[in-house]
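Next up, final_38.pdb (PDB, C-alpha atoms, pLDDT in the B column):
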```pdb
ATOM      1  CA  CYS A 176      -7.914  56.338 -21.745  1.00 53.00           C
ATOM      2  CA  ASN A 177     -11.572  56.324 -22.621  1.00 47.00           C
ATOM      3  CA  ASN A 178     -10.695  58.119 -25.874  1.00 40.00           C
ATOM      4  CA  GLU A 179      -9.539  61.154 -23.927  1.00 53.00           C
ATOM      5  CA  LYS A 180      -6.243  62.810 -24.682  1.00 53.00           C
ATOM      6  CA  ILE A 181      -3.511  62.031 -22.213  1.00 57.00           C
ATOM      7  CA  ARG A 182      -2.710  65.232 -20.381  1.00 65.00           C
ATOM      8  CA  HIS A 183       0.706  66.828 -20.959  1.00 65.00           C
ATOM      9  CA  LYS A 184       1.717  66.126 -17.342  1.00 65.00           C
ATOM     10  CA  ASP A 185       0.875  62.431 -17.842  1.00 70.00           C
ATOM     11  CA  LYS A 186       2.826  62.332 -21.098  1.00 73.00           C
ATOM     12  CA  GLU A 187       5.878  63.623 -19.276  1.00 75.00           C
ATOM     13  CA  LYS A 188       5.499  60.931 -16.591  1.00 73.00           C
ATOM     14  CA  ILE A 189       5.226  58.267 -19.277  1.00 73.00           C
ATOM     15  CA  LYS A 190       8.313  59.517 -21.105  1.00 75.00           C
ATOM     16  CA  TYR A 191      10.252  59.720 -17.838  1.00 75.00           C
ATOM     17  CA  ALA A 192       9.250  56.162 -16.878  1.00 72.00           C
ATOM     18  CA  LEU A 193      10.278  54.769 -20.254  1.00 71.00           C
ATOM     19  CA  VAL A 194      13.617  56.556 -20.329  1.00 75.00           C
ATOM     20  CA  HIS A 195      14.644  56.127 -16.675  1.00 75.00           C
ATOM     21  CA  ASN A 196      13.373  52.628 -15.891  1.00 73.00           C
ATOM     22  CA  ARG A 197      15.899  50.160 -17.353  1.00 73.00           C
ATOM     23  CA  ASP A 198      13.360  47.364 -17.210  1.00 68.00           C
ATOM     24  CA  LEU A 199      11.058  49.332 -19.521  1.00 71.00           C
ATOM     25  CA  GLN A 200      13.646  50.577 -22.028  1.00 73.00           C
ATOM     26  CA  GLU A 201      13.155  47.497 -24.207  1.00 70.00           C
ATOM     27  CA  LEU A 202       9.634  48.780 -24.868  1.00 69.00           C
ATOM     28  CA  LEU A 203      11.000  51.622 -26.956  1.00 70.00           C
ATOM     29  CA  ASP A 204      11.999  49.203 -29.727  1.00 75.00           C
ATOM     30  CA  SER A 205       8.560  47.655 -30.148  1.00 77.00           C
ATOM     31  CA  PRO A 206       5.349  49.410 -31.179  1.00 81.00           C
ATOM     32  CA  LEU A 207       3.407  46.483 -29.721  1.00 78.00           C
ATOM     33  CA  LEU A 208       5.055  46.839 -26.324  1.00 77.00           C
ATOM     34  CA  ILE A 209       4.624  50.611 -26.334  1.00 78.00           C
ATOM     35  CA  THR A 210       0.926  50.059 -27.022  1.00 81.00           C
ATOM     36  CA  MET A 211       0.733  47.579 -24.146  1.00 81.00           C
ATOM     37  CA  PHE A 212       2.425  50.101 -21.874  1.00 78.00           C
ATOM     38  CA  LEU A 213      -0.003  52.847 -22.865  1.00 78.00           C
ATOM     39  CA  TRP A 214      -2.911  50.451 -22.282  1.00 78.00           C
ATOM     40  CA  TYR A 215      -1.509  49.762 -18.817  1.00 78.00           C
ATOM     41  CA  VAL A 216      -1.159  53.459 -18.051  1.00 75.00           C
ATOM     42  CA  CYS A 217      -4.762  54.104 -19.068  1.00 76.00           C
ATOM     43  CA  HIS A 218      -6.342  51.116 -17.323  1.00 75.00           C
ATOM     44  CA  THR A 219      -4.629  50.933 -13.951  1.00 70.00           C
ATOM     45  CA  LYS A 220      -4.360  53.236 -11.013  1.00 66.00           C
ATOM     46  CA  ARG A 221      -0.700  52.479 -10.278  1.00 65.00           C
ATOM     47  CA  PRO A 222       1.947  55.145 -10.799  1.00 65.00           C
ATOM     48  CA  VAL A 223       3.593  54.936 -14.206  1.00 67.00           C
ATOM     49  CA  THR A 224       7.048  54.527 -12.729  1.00 65.00           C
ATOM     50  CA  ALA A 225       6.041  51.516 -10.622  1.00 64.00           C
ATOM     51  CA  ILE A 226       5.667  48.975 -13.459  1.00 72.00           C
ATOM     52  CA  THR A 227       8.244  46.453 -14.609  1.00 75.00           C
ATOM     53  CA  ALA A 228       8.238  44.714 -17.975  1.00 77.00           C
ATOM     54  CA  VAL A 229       7.276  41.433 -16.277  1.00 81.00           C
ATOM     55  CA  GLU A 230       4.316  43.096 -14.564  1.00 82.00           C
ATOM     56  CA  LEU A 231       3.318  44.658 -17.862  1.00 83.00           C
ATOM     57  CA  PHE A 232       3.230  41.267 -19.594  1.00 86.00           C
ATOM     58  CA  ASP A 233       1.446  39.712 -16.620  1.00 88.00           C
ATOM     59  CA  ASN A 234      -1.267  42.378 -16.570  1.00 86.00           C
ATOM     60  CA  TRP A 235      -1.742  42.318 -20.319  1.00 87.00           C
ATOM     61  CA  ILE A 236      -1.927  38.499 -20.559  1.00 91.00           C
ATOM     62  CA  LYS A 237      -4.469  38.373 -17.724  1.00 89.00           C
ATOM     63  CA  GLU A 238      -6.565  41.077 -19.381  1.00 87.00           C
ATOM     64  CA  LEU A 239      -6.464  39.223 -22.701  1.00 88.00           C
ATOM     65  CA  ALA A 240      -7.493  35.998 -20.951  1.00 90.00           C
ATOM     66  CA  SER A 241     -10.392  37.788 -19.263  1.00 87.00           C
ATOM     67  CA  ARG A 242     -11.655  38.996 -22.622  1.00 85.00           C
ATOM     68  CA  GLU A 243     -11.022  35.739 -24.467  1.00 87.00           C
ATOM     69  CA  ARG A 244     -12.612  33.417 -21.940  1.00 82.00           C
ATOM     70  CA  THR A 245     -16.049  34.554 -23.071  1.00 79.00           C
ATOM     71  CA  LYS A 246     -15.258  33.621 -26.689  1.00 77.00           C
ATOM     72  CA  ILE A 247     -14.166  30.050 -26.130  1.00 75.00           C
ATOM     73  CA  ALA A 248     -16.449  27.037 -26.302  1.00 58.00           C
ATOM     74  CA  SER A 249     -18.413  27.272 -23.058  1.00 59.00           C
ATOM     75  CA  GLY A 250     -17.728  30.943 -22.372  1.00 56.00           C
ATOM     76  CA  GLN A 251     -17.425  30.169 -18.676  1.00 63.00           C
ATOM     77  CA  GLU A 252     -13.721  29.355 -18.416  1.00 68.00           C
ATOM     78  CA  ASP A 253     -11.673  30.956 -15.694  1.00 84.00           C
ATOM     79  CA  ALA A 254      -9.143  33.521 -16.947  1.00 86.00           C
ATOM     80  CA  GLU A 255      -6.406  32.076 -14.713  1.00 88.00           C
ATOM     81  CA  LEU A 256      -6.992  28.632 -16.188  1.00 89.00           C
ATOM     82  CA  LEU A 257      -6.725  30.074 -19.685  1.00 90.00           C
ATOM     83  CA  VAL A 258      -3.383  31.726 -18.824  1.00 92.00           C
ATOM     84  CA  LYS A 259      -2.177  28.398 -17.409  1.00 92.00           C
ATOM     85  CA  VAL A 260      -3.211  26.583 -20.604  1.00 92.00           C
ATOM     86  CA  TRP A 261      -1.429  29.227 -22.697  1.00 93.00           C
ATOM     87  CA  ALA A 262       1.725  28.887 -20.614  1.00 95.00           C
ATOM     88  CA  TYR A 263       1.796  25.105 -20.952  1.00 94.00           C
ATOM     89  CA  ALA A 264       1.032  25.414 -24.661  1.00 94.00           C
ATOM     90  CA  ALA A 265       4.007  27.766 -25.075  1.00 94.00           C
ATOM     91  CA  TRP A 266       6.191  25.248 -23.248  1.00 93.00           C
ATOM     92  CA  GLU A 267       4.986  22.383 -25.453  1.00 93.00           C
ATOM     93  CA  ILE A 268       5.642  24.400 -28.614  1.00 92.00           C
ATOM     94  CA  TYR A 269       9.069  25.420 -27.357  1.00 91.00           C
ATOM     95  CA  THR A 270      10.110  21.849 -26.525  1.00 91.00           C
ATOM     96  CA  SER A 271       8.753  20.655 -29.859  1.00 90.00           C
ATOM     97  CA  LYS A 272      10.941  23.199 -31.637  1.00 87.00           C
ATOM     98  CA  LEU A 273      13.950  22.079 -29.600  1.00 89.00           C
ATOM     99  CA  LYS A 274      13.349  18.585 -30.950  1.00 89.00           C
ATOM    100  CA  GLY A 275      13.608  19.952 -34.487  1.00 87.00           C
ATOM    101  CA  ASN A 276       9.930  20.371 -35.342  1.00 82.00           C
ATOM    102  CA  SER A 277      10.029  23.773 -37.028  1.00 77.00           C
ATOM    103  CA  PHE A 278       6.437  23.523 -38.303  1.00 80.00           C
ATOM    104  CA  GLY A 279       4.979  23.829 -34.837  1.00 82.00           C
ATOM    105  CA  LEU A 280       2.841  21.364 -32.985  1.00 90.00           C
ATOM    106  CA  LYS A 281      -0.305  19.600 -34.168  1.00 91.00           C
ATOM    107  CA  TYR A 282      -3.377  20.670 -32.276  1.00 89.00           C
ATOM    108  CA  SER A 283      -4.222  17.068 -31.464  1.00 90.00           C
ATOM    109  CA  GLU A 284      -0.789  16.542 -29.874  1.00 92.00           C
ATOM    110  CA  LEU A 285      -0.954  19.817 -27.980  1.00 93.00           C
ATOM    111  CA  ILE A 286      -4.435  19.192 -26.636  1.00 91.00           C
ATOM    112  CA  SER A 287      -3.535  15.638 -25.618  1.00 91.00           C
ATOM    113  CA  SER A 288      -0.489  16.907 -23.766  1.00 92.00           C
ATOM    114  CA  LEU A 289      -2.420  19.714 -22.085  1.00 91.00           C
ATOM    115  CA  CYS A 290      -5.087  17.286 -20.870  1.00 90.00           C
ATOM    116  CA  LYS A 291      -2.376  15.193 -19.214  1.00 90.00           C
ATOM    117  CA  ARG A 292      -0.732  18.221 -17.576  1.00 89.00           C
ATOM    118  CA  ILE A 293      -3.945  20.000 -16.572  1.00 89.00           C
ATOM    119  CA  PRO A 294      -6.604  17.343 -15.883  1.00 79.00           C
ATOM    120  CA  ASN A 295      -9.442  19.812 -15.297  1.00 82.00           C
ATOM    121  CA  VAL A 296      -9.395  20.878 -18.971  1.00 85.00           C
ATOM    122  CA  GLN A 297     -10.124  17.429 -20.385  1.00 80.00           C
ATOM    123  CA  ASP A 298     -12.972  17.467 -22.887  1.00 78.00           C
ATOM    124  CA  ARG A 299     -13.069  21.282 -22.772  1.00 82.00           C
ATOM    125  CA  VAL A 300      -9.870  22.600 -24.324  1.00 84.00           C
ATOM    126  CA  ASN A 301      -9.989  23.035 -28.093  1.00 82.00           C
ATOM    127  CA  MET A 302      -8.519  25.137 -30.885  1.00 84.00           C
ATOM    128  CA  SER A 303     -10.613  28.195 -29.974  1.00 84.00           C
ATOM    129  CA  TRP A 304      -8.560  28.641 -26.790  1.00 88.00           C
ATOM    130  CA  PHE A 305      -5.461  29.682 -28.763  1.00 90.00           C
ATOM    131  CA  GLY A 306      -6.472  32.067 -31.557  1.00 88.00           C
ATOM    132  CA  ALA A 307      -6.050  35.330 -29.652  1.00 89.00           C
ATOM    133  CA  LEU A 308      -2.443  34.844 -28.614  1.00 91.00           C
ATOM    134  CA  PHE A 309      -0.943  32.155 -30.805  1.00 92.00           C
ATOM    135  CA  ASP A 310       0.099  31.942 -34.424  1.00 90.00           C
ATOM    136  CA  CYS A 311      -2.132  29.166 -35.688  1.00 89.00           C
ATOM    137  CA  SER A 312      -2.752  27.346 -38.934  1.00 85.00           C
ATOM    138  CA  GLU A 313      -5.512  24.899 -39.728  1.00 82.00           C
ATOM    139  CA  ASP A 314      -3.816  21.935 -38.032  1.00 87.00           C
ATOM    140  CA  TYR A 315      -0.806  23.434 -36.256  1.00 89.00           C
ATOM    141  CA  ILE A 316      -0.011  25.919 -33.568  1.00 91.00           C
ATOM    142  CA  ILE A 317       3.331  27.524 -34.371  1.00 88.00           C
ATOM    143  CA  GLY A 318       4.022  29.996 -31.578  1.00 88.00           C
ATOM    144  CA  THR A 319       2.734  33.261 -30.211  1.00 89.00           C
ATOM    145  CA  PHE A 320       2.061  36.219 -32.474  1.00 83.00           C
ATOM    146  CA  HIS A 321       4.998  38.001 -30.828  1.00 83.00           C
ATOM    147  CA  GLU A 322       8.081  36.133 -29.600  1.00 85.00           C
ATOM    148  CA  GLN A 323       8.226  38.015 -26.305  1.00 85.00           C
ATOM    149  CA  PHE A 324       4.870  36.552 -25.281  1.00 89.00           C
ATOM    150  CA  MET A 325       6.251  33.069 -25.909  1.00 90.00           C
ATOM    151  CA  GLU A 326       9.278  33.904 -23.760  1.00 91.00           C
ATOM    152  CA  TYR A 327       7.089  35.311 -20.998  1.00 90.00           C
ATOM    153  CA  LEU A 328       4.793  32.266 -20.967  1.00 93.00           C
ATOM    154  CA  ILE A 329       7.717  29.842 -20.937  1.00 93.00           C
ATOM    155  CA  ALA A 330       9.319  31.741 -18.062  1.00 92.00           C
ATOM    156  CA  THR A 331       6.005  31.522 -16.223  1.00 89.00           C
ATOM    157  CA  ILE A 332       6.110  27.735 -16.460  1.00 89.00           C
ATOM    158  CA  LEU A 333       9.729  27.597 -15.355  1.00 89.00           C
ATOM    159  CA  MET A 334       9.057  29.823 -12.351  1.00 85.00           C
ATOM    160  CA  HIS A 335       5.896  28.045 -11.161  1.00 74.00           C
ATOM    161  CA  VAL A 336       6.665  24.369 -11.738  1.00 59.00           C
TER     162      VAL A 336
END
```
Could you rewrite the structure in this file as structure tokens?
Amino acid sequence: CNNEKIRHKDKEKIKYALVHNRDLQELLDSPLLITMFLWYVCHTKRPVTAITAVELFDNWIKELASRERTKIASGQEDAELLVKVWAYAAWEIYTSKLKGNSFGLKYSELISSLCKRIPNVQDRVNMSWFGALFDCSEDYIIGTFHEQFMEYLIATILMHV
């Protein structure tokens, strides 16, 4: 929280929220998710006890997209569009794995598919859109750097399509 120490009272609220909110208890098993939760606590004005795991992922993904949009090709991409591209990419990777492709998905195939699903990204989407969130190799995109992000993004597609 701006490099300030979290006050004792705030620490107690955080501990209480993690222990008493069933939706947040899964965070206790993951240093990454605990870090996300602490980021949320420091960067929002909402009460600690009012967050769900889904809201935590949603806030964090949107924040990451806001930061990353300035790094991609044109630097002018909309953060919501980037989240949408990530969600469809997660879906494409997931369905590719269901078909037995354990090596991931070739960038060329992913980008072609994304351009068909999201016409307004044609000629703009490229490999630089995926580096922050996805596990990438030179020619393939394998998944997200943490499986729970893949699950969240896939659920996003299922809920909004």
Checklist entry - Contacts of stretch 190-205 of chain A at 6 Å or less, counting all atoms listed in the file, minus same-chain residues fewer than 3 places along, as a ChimeraX atom specification? => result /A:187,208-209,224,227-228
Item to check | Residue contacts of A:Asp253 (8 Å, all atoms listed in the file) excluding same-chain residues fewer than 3 positions away, as a PyMOL selection string | outcome: chain A and resi 241+244+256-257
Checklist entry - If the PyMOL selection byres ((chain A and resi 281) around 12) is run on the structure shown, which residues does it catch, given as a ChimeraX atom specification? => result /A:264,267-268,271,276-280,282-288,301-302,311-318
Checklist entry - Between atom CA of A:Ile226 and atom CA of A:Met211, what is the distance, to one decimal in Å? => result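 Taking atom CA of A:Ile226 and atom CA of A:Met211, their separation equals 11.9 Å.
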Item to check | Atomic distance atom CA of A:Ile332 - atom CA of A:Val258, expressed in Å with one decimal | outcome: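 Separating atom CA of A:Ile332 from atom CA of A:Val258 is a distance of 10.6 Å.
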Next on the checklist: Once the PyMOL selection byres ((chain A and resi 237) around 12) has been evaluated on this model, what residues remain selected, and can you format them as a ChimeraX atom specification?
Outcome noted: /A:215,230-236,238-244,253-259,261-262,308,328
Name the residues, using the chain letters and numbers of the file, that sit within 12 Å of (6.9, 27.5, -13.8) when counting only C-alpha atoms, and give them as a JSON list (two decimals) with C-alpha atoms, in the frame of the given file.
```
[["chain", "number", "residue", "atom", "x", "y", "z"],
["A", 259, "LYS", "CA", -2.18, 28.40, -17.41],
["A", 262, "ALA", "CA", 1.72, 28.89, -20.61],
["A", 263, "TYR", "CA", 1.80, 25.10, -20.95],
["A", 265, "ALA", "CA", 4.01, 27.77, -25.08],
["A", 266, "TRP", "CA", 6.19, 25.25, -23.25],
["A", 327, "TYR", "CA", 7.09, 35.31, -21.00],
["A", 328, "LEU", "CA", 4.79, 32.27, -20.97],
["A", 329, "ILE", "CA", 7.72, 29.84, -20.94],
["A", 330, "ALA", "CA", 9.32, 31.74, -18.06],
["A", 331, "THR", "CA", 6.00, 31.52, -16.22],
["A", 332, "ILE", "CA", 6.11, 27.74, -16.46],
["A", 333, "LEU", "CA", 9.73, 27.60, -15.36],
["A", 334, "MET", "CA", 9.06, 29.82, -12.35],
["A", 335, "HIS", "CA", 5.90, 28.04, -11.16],
["A", 336, "VAL", "CA", 6.66, 24.37, -11.74]]
```
Axis-aligned box for all listed atoms of stretch 253-271 of chain A, 4 Å per side, centre and edges in Å to one decimal, as lines of an AutoDock Vina configuration file:
```
center_x = -0.8
center_y = 27.1
center_z = -22.3
size_x = 29.8
size_y = 20.9
size_z = 23.1
```
Checklist entry - Can you tell me, as a VMD selection string, which residues sit within 7 Å of (2.9, 35.1, -29.7) in the file's frame, using all atoms listed in the file? => result chain A and resid 308 to 310 318 to 325
Checklist entry - Rounded to one decimal in Å, what is the spacing between atom CA of A:Thr219 and atom CA of A:Val260? => result 25.3 Å
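Shortest atom-to-atom contact with A:Val216 among A:Ser303, A:Thr245, A:Lys186, A:Val229: A:Lys186, counting all atoms listed in the file.
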